[in-house]
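Shown next, in structure tokens, is the structure this report addresses.
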Amino acid sequence: DVDSDENCVAAEAALDRLACALGGKMVMPHIISAVPPMLQSKEWKHRYAGLMAISASAEGCKKAMEANMSSIVMACLPYITDEHPRVRFACCNALGQMASDFSPLFQKKMHDKVLPGLIHLLDDDGHPRVQSHT
């Protein structure tokens, strides 16, 4: 659905801009309260949105997220094997964004937890978009 995809992209961009403008002290409490129920939803679109919210807010909430990086990564990792390919894609996106924004701390602290899942996704031949995003 084109309208839904356009809304999703607009929401991601808005969240990114808000996080960068307002910072983690203002935005992180909302992320912390909104994202966990989204990740627990049975609806793939909710899980996708939760993971993309983590991605979109990472740069602007860097200081606040860095302090909780391990728990945020561990909350994302189960979705690397989600049944829906878009959720797996969003998980890769969130992990990639954190790896970029929290470098080199992310690589030093999280490589042993993240790499096995990413390597597993390289074999996702049925979903080349997920595979290439890995």
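Just so we're on the same page: first chain in the structure tokens is A, next is B, and so on; residues restart at 1 for each chain, and ligands are numbered from 1 in the order they show up.
Near Ser55 of chain A, within 9 Å and counting only C-alpha atoms, sit Glu12, Asp16, Gly50, Leu51, Glu59, Ala90, Cys91, Asn93, Ala94, Leu95, Gly96, Gln97 and Met98 of chain A; same-chain residues fewer than 4 positions away were not included.
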*Compile the contact shell of Ala75 of chain A as a list in words: residues with an atom at most 10 Å away, counting only C-alpha atoms, same-chain residues fewer than 4 positions apart removed.*
Pro36, Leu39, Leu51, Met69, Ser70, Ser71 and Tyr79 of chain A
Take the residues that were just selected and, keeping C-alpha atoms, output them as a PDB file, in the first residue's frame.
ATOM      1  CA  PRO A  36       8.486  -2.231  23.844  1.00  0.00           C
ATOM      2  CA  LEU A  39       7.987  -5.018  19.595  1.00  0.00           C
ATOM      3  CA  LEU A  51      12.597  -1.246  15.215  1.00  0.00           C
ATOM      4  CA  MET A  69      23.168   0.237  24.244  1.00  0.00           C
ATOM      5  CA  SER A  70      23.507  -3.353  25.426  1.00  0.00           C
ATOM      6  CA  SER A  71      19.878  -3.651  26.531  1.00  0.00           C
ATOM      7  CA  TYR A  79      13.751  -9.891  15.570  1.00  0.00           C
TER       8      TYR A  79
END
*Give the alpha helix (DSSP H) residues of chain A, as assigned by DSSP on the backbone, as a VMD selection string.*
chain A and resid 2 to 22 24 to 39 44 to 58 62 to 66 69 to 76 85 to 101 105 to 121 128 to 133
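Atom to atom, atom CA of Leu77 of chain A and atom CA of Gln40 of chain A stand 13.0 Å apart.
Of the listed residues A:Cys76, A:Val87, A:Ala53, A:Cys61, the one whose atoms come nearest to His127 of chain A is A:Val87, with distances taken using only C-alpha atoms.
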